[in-house]
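A.B. asks: Would you mind keeping the following structure in view while I ask a few things?
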Amino acid sequence: MRSRFAAVTLVTALVLGTSAACGSGGGSSGAGDGTIHVLVYGDAANKVEKQIVDTFNRTSKVKAVLDTVPGADYQQKLQTVINTPRAPDVFFNWGGGSIQSFAKAGLLLPLDDFIAKDPGLKDNFLPAVFNSAVIDGKPYGVPMRGTQPVLLFHNKKVLADAGLTPPRTWDDLLAATKVLKDKGITPIALGGGDQWPTLMWFEYLYDRIAGPGLFQRALGGDKEAWASEDSRKALAALRQLVDAGAFGSNFDSVKFTDGGSPALVAKGKAAFELMGSWYYSTQQDANPDFATSGLGYAAFPALSGGKGDAADVVGNTNNFYSVLKRTKHPEAVAAFLELMYSDEFVKAQLAIGNLPTTTGTENLLDLSASPAYSKDQYRLVKSAPSFQLSWDQAYPPSAMTPMHTAVQEFFDGRIDADGFIKAMQALPAS
């Protein structure tokens, strides 16, 4: 996601992808020992990263080493090693706010020279996506994995048994919550222990009620945006859903990153889960039969009287690989990054349900693990008037912990609307 970028208006056809998840390991940076270290967020998508590293190593004298860190620990690990001798040569990120402080501190290598030698590192990706990792006019990332809108997933059988269909409106979702609760089913699974899954509900409600402009203003420094009438309406809607019991009573003890919340949906103990499009690959990896026949999905419900377009999406435009300036092997790194637009890469990502953002991906959608899923995502993102970046990726990393804390405390009822507004107004600026 980009330079100071909170909402991307997609005026061109934008493709969609998946994943942002978990792993294990460490990194050992820029060593001049004939290797380059690639640090990634560990999750089900790592199988593709391992495949691409193997492909690179078959022909390169400088070998790539893949280091994975569990998703719940990734951000902290990256912050800890980024300015030490153990920093990786290449690392996974979300663009925009997630790397802005690194770029300003002079830790990252601008990719101008790489692109001058191989224009495909820029031209083979959709511009709206590539520009998400451009900071102060300089490119600092090459797209990898895919674009990741947030969708409302569901268990088809649970809904059918309850006589329900995917909710098209907010009122539909509230009504479904009551029906499911009466049947003893948790209406919505939530990995509240991770905190960031809870944030997705704020992102969509604020967009549906206020439109993308409110968050753009807040991100730009207008602290009063958080105290606006629309902000309070969004918080009231969230409070209504929580108080209706939509998420059960123990959501803070459940995590997405350890498979807890997806398992609730796959096993029929919960009906819905709001999650990024990587959810398909998560279920495919842990519950393949359910992913094939039992998993459904829909756009976030419309909200009557809201200022936001019902076709708007929120999420992550893509993940990126950025390069540490201190790498001893820039030529090898450049060659590694070229694989991110190869047919092998695109086909491998499609095979796990991800949708890369290369200009040629649309021609390969029939090769997806679920062509219908990939095509539906493509249409969703292509038609979106606004693609709003996840709040915790649009703000600088120093804002993440206080933001997540405020989100969790509001859901828990430990702070009210005034407390949430005060916390958001206190977030550090870029």
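Just remember, in the structure tokens the first chain shown is A, the second B, etc., residues are 1-based per chain, and ligands are 1-based in the order shown.
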Can you tell me, as an mmCIF file with N, CA and C atoms, in the first residue's frame, what residues are no more than 12 Å from Leu380 in chain A when counting only C-alpha atoms, ignoring any on the same chain fewer than 2 positions away?
C.D. replies:
data_model
loop_
_atom_site.group_PDB
_atom_site.id
_atom_site.type_symbol
_atom_site.label_atom_id
_atom_site.label_comp_id
_atom_site.auth_asym_id
_atom_site.auth_seq_id
_atom_site.Cartn_x
_atom_site.Cartn_y
_atom_site.Cartn_z
ATOM 1 N N LEU A 10 -9.852 2.574 -7.762
ATOM 2 C CA LEU A 10 -9.430 1.694 -8.843
ATOM 3 C C LEU A 10 -10.156 2.091 -10.119
ATOM 4 N N ALA A 13 -8.959 -1.970 -14.326
ATOM 5 C CA ALA A 13 -9.298 -3.296 -13.840
ATOM 6 C C ALA A 13 -8.224 -3.748 -12.873
ATOM 7 N N LEU A 14 -8.638 -4.028 -11.651
ATOM 8 C CA LEU A 14 -7.676 -4.455 -10.638
ATOM 9 C C LEU A 14 -7.963 -5.897 -10.285
ATOM 10 N N VAL A 15 -6.935 -6.664 -10.215
ATOM 11 C CA VAL A 15 -7.107 -8.066 -9.909
ATOM 12 C C VAL A 15 -7.031 -8.306 -8.421
ATOM 13 N N LEU A 16 -7.497 -9.451 -8.016
ATOM 14 C CA LEU A 16 -7.543 -9.670 -6.614
ATOM 15 C C LEU A 16 -6.761 -10.864 -6.139
ATOM 16 N N GLY A 17 -6.321 -10.819 -4.923
ATOM 17 C CA GLY A 17 -5.485 -11.895 -4.475
ATOM 18 C C GLY A 17 -5.822 -12.351 -3.100
ATOM 19 N N THR A 147 -3.733 -9.305 -4.317
ATOM 20 C CA THR A 147 -4.543 -8.275 -3.680
ATOM 21 C C THR A 147 -5.550 -8.928 -2.743
ATOM 22 N N GLN A 148 -5.925 -8.236 -1.672
ATOM 23 C CA GLN A 148 -6.615 -8.899 -0.569
ATOM 24 C C GLN A 148 -7.809 -8.102 -0.038
ATOM 25 N N PRO A 149 -8.889 -8.047 -0.770
ATOM 26 C CA PRO A 149 -10.088 -7.422 -0.219
ATOM 27 C C PRO A 149 -10.667 -8.278 0.908
ATOM 28 N N VAL A 150 -11.387 -7.641 1.782
ATOM 29 C CA VAL A 150 -12.027 -8.341 2.887
ATOM 30 C C VAL A 150 -13.449 -8.726 2.470
ATOM 31 N N LEU A 151 -13.796 -9.996 2.686
ATOM 32 C CA LEU A 151 -15.098 -10.540 2.309
ATOM 33 C C LEU A 151 -15.783 -11.127 3.543
ATOM 34 N N SER A 277 -9.221 -12.033 1.684
ATOM 35 C CA SER A 277 -9.446 -13.087 0.697
ATOM 36 C C SER A 277 -8.497 -14.264 0.837
ATOM 37 N N TYR A 297 -19.103 -17.083 0.261
ATOM 38 C CA TYR A 297 -18.565 -15.743 0.467
ATOM 39 C C TYR A 297 -19.471 -14.721 -0.201
ATOM 40 N N ALA A 298 -19.404 -13.500 0.303
ATOM 41 C CA ALA A 298 -20.202 -12.411 -0.265
ATOM 42 C C ALA A 298 -19.538 -11.093 0.094
ATOM 43 N N ALA A 299 -19.966 -10.043 -0.584
ATOM 44 C CA ALA A 299 -19.493 -8.707 -0.255
ATOM 45 C C ALA A 299 -20.066 -8.278 1.088
ATOM 46 N N PHE A 300 -19.444 -7.299 1.724
ATOM 47 C CA PHE A 300 -19.959 -6.787 2.979
ATOM 48 C C PHE A 300 -21.322 -6.158 2.741
ATOM 49 N N ALA A 310 -22.045 0.832 -1.664
ATOM 50 C CA ALA A 310 -22.109 -0.577 -1.266
ATOM 51 C C ALA A 310 -21.100 -1.436 -2.025
ATOM 52 N N ALA A 311 -20.521 -0.889 -3.096
ATOM 53 C CA ALA A 311 -19.521 -1.632 -3.867
ATOM 54 C C ALA A 311 -18.097 -1.359 -3.388
ATOM 55 N N ASP A 312 -17.926 -0.452 -2.420
ATOM 56 C CA ASP A 312 -16.596 -0.182 -1.879
ATOM 57 C C ASP A 312 -16.043 -1.429 -1.200
ATOM 58 N N VAL A 313 -14.727 -1.578 -1.213
ATOM 59 C CA VAL A 313 -14.079 -2.661 -0.480
ATOM 60 C C VAL A 313 -12.984 -2.077 0.407
ATOM 61 N N VAL A 314 -12.639 -2.826 1.429
ATOM 62 C CA VAL A 314 -11.505 -2.487 2.279
ATOM 63 C C VAL A 314 -10.584 -3.696 2.300
ATOM 64 N N TYR A 373 -14.309 -18.412 -7.661
ATOM 65 C CA TYR A 373 -13.898 -17.534 -6.565
ATOM 66 C C TYR A 373 -12.981 -16.426 -7.077
ATOM 67 N N SER A 374 -11.992 -16.793 -7.869
ATOM 68 C CA SER A 374 -11.048 -15.801 -8.397
ATOM 69 C C SER A 374 -11.744 -14.798 -9.307
ATOM 70 N N LYS A 375 -12.646 -15.279 -10.147
ATOM 71 C CA LYS A 375 -13.345 -14.373 -11.056
ATOM 72 C C LYS A 375 -14.298 -13.448 -10.308
ATOM 73 N N ASP A 376 -14.958 -13.985 -9.285
ATOM 74 C CA ASP A 376 -15.838 -13.137 -8.478
ATOM 75 C C ASP A 376 -15.037 -12.044 -7.778
ATOM 76 N N GLN A 377 -13.873 -12.400 -7.257
ATOM 77 C CA GLN A 377 -13.018 -11.406 -6.611
ATOM 78 C C GLN A 377 -12.558 -10.357 -7.617
ATOM 79 N N TYR A 378 -12.193 -10.826 -8.792
ATOM 80 C CA TYR A 378 -11.747 -9.906 -9.837
ATOM 81 C C TYR A 378 -12.840 -8.886 -10.146
ATOM 82 N N LYS A 382 -12.611 -4.955 -9.421
ATOM 83 C CA LYS A 382 -12.654 -4.150 -10.643
ATOM 84 C C LYS A 382 -13.747 -3.091 -10.557
ATOM 85 N N SER A 383 -14.861 -3.427 -9.956
ATOM 86 C CA SER A 383 -16.002 -2.507 -9.920
ATOM 87 C C SER A 383 -16.018 -1.617 -8.676
ATOM 88 N N ALA A 384 -15.047 -1.795 -7.779
ATOM 89 C CA ALA A 384 -15.054 -1.030 -6.524
ATOM 90 C C ALA A 384 -14.713 0.441 -6.764
ATOM 91 N N PRO A 385 -15.610 1.367 -6.401
ATOM 92 C CA PRO A 385 -15.277 2.790 -6.516
ATOM 93 C C PRO A 385 -14.108 3.187 -5.616
ATOM 94 N N SER A 386 -13.968 2.487 -4.485
ATOM 95 C CA SER A 386 -12.886 2.774 -3.550
ATOM 96 C C SER A 386 -12.381 1.473 -2.951
ATOM 97 N N PHE A 387 -11.063 1.367 -2.837
ATOM 98 C CA PHE A 387 -10.428 0.248 -2.151
ATOM 99 C C PHE A 387 -9.634 0.863 -1.004
#
A.B. asks: Applying 12 Å and only C-alpha atoms, which residues near Ile415 in chain A remain after dropping the ones on its own chain fewer than 6 positions away? List them as a compact mmCIF listing (two decimals) with N, CA and C atoms, in the first residue's frame.
C.D. replies:
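Contents of result-v5.txt, freshly written:
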# COMPACT_ATOMS: atom_id res chain seq x y z
N LEU A 235 -19.84 3.77 15.21
CA LEU A 235 -19.60 3.12 16.49
C LEU A 235 -20.90 2.60 17.10
N ARG A 239 -21.69 -1.23 18.13
CA ARG A 239 -22.16 -1.55 19.48
C ARG A 239 -23.43 -2.39 19.42
N THR A 405 -5.50 -1.81 20.42
CA THR A 405 -5.98 -1.79 21.80
C THR A 405 -7.33 -1.08 21.90
N ALA A 406 -7.45 0.05 21.21
CA ALA A 406 -8.71 0.80 21.23
C ALA A 406 -9.84 -0.02 20.62
N VAL A 407 -9.55 -0.71 19.54
CA VAL A 407 -10.54 -1.54 18.86
C VAL A 407 -11.03 -2.65 19.79
N GLN A 408 -10.08 -3.34 20.42
CA GLN A 408 -10.45 -4.44 21.32
C GLN A 408 -11.23 -3.92 22.52
N GLU A 409 -10.79 -2.81 23.10
CA GLU A 409 -11.45 -2.30 24.30
C GLU A 409 -12.86 -1.80 24.00
N ILE A 421 -12.88 7.44 20.36
CA ILE A 421 -12.54 8.65 19.59
C ILE A 421 -11.27 9.29 20.14
N LYS A 422 -11.17 9.38 21.45
CA LYS A 422 -9.98 9.97 22.07
C LYS A 422 -8.73 9.17 21.72
N ALA A 423 -8.85 7.85 21.74
CA ALA A 423 -7.70 7.00 21.43
C ALA A 423 -7.26 7.17 19.97
A.B. asks: Pull the helix (DSSP H, G or I) assignments for range 2-199 of chain A out of DSSP run on the backbone, and list those residues as a PyMOL selection string.
C.D. replies: chain A and resi 46-59+71-81+97-104+112-117+120-123+127-133+156-161+170-182+192-194+196-199
A.B. asks: Give me the residues within 7 Å of Ser390 in chain A as a PyMOL selection string, counting only C-alpha atoms and dropping any in the same chain fewer than 4 places off.
C.D. replies: chain A and resi 314-316+394
A.B. asks: For those residues, write N, CA, C and O atoms to a file as an mmCIF file, in the first residue's frame.
C.D. replies:
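So the final result, stored in out.cif, reads:
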data_model
loop_
_atom_site.group_PDB
_atom_site.id
_atom_site.type_symbol
_atom_site.label_atom_id
_atom_site.label_comp_id
_atom_site.auth_asym_id
_atom_site.auth_seq_id
_atom_site.Cartn_x
_atom_site.Cartn_y
_atom_site.Cartn_z
ATOM 1 N N VAL A 314 -12.639 -2.826 1.429
ATOM 2 C CA VAL A 314 -11.505 -2.487 2.279
ATOM 3 C C VAL A 314 -10.584 -3.696 2.300
ATOM 4 O O VAL A 314 -10.974 -4.800 1.948
ATOM 5 N N GLY A 315 -9.353 -3.487 2.715
ATOM 6 C CA GLY A 315 -8.405 -4.589 2.804
ATOM 7 C C GLY A 315 -7.007 -4.147 2.458
ATOM 8 O O GLY A 315 -6.628 -2.996 2.667
ATOM 9 N N ASN A 316 -6.225 -5.060 1.900
ATOM 10 C CA ASN A 316 -4.854 -4.785 1.507
ATOM 11 C C ASN A 316 -4.736 -4.900 -0.007
ATOM 12 O O ASN A 316 -5.112 -5.916 -0.576
ATOM 13 N N ALA A 394 -2.227 1.630 6.815
ATOM 14 C CA ALA A 394 -2.160 3.000 6.300
ATOM 15 C C ALA A 394 -1.410 3.905 7.269
ATOM 16 O O ALA A 394 -0.654 4.791 6.859
#
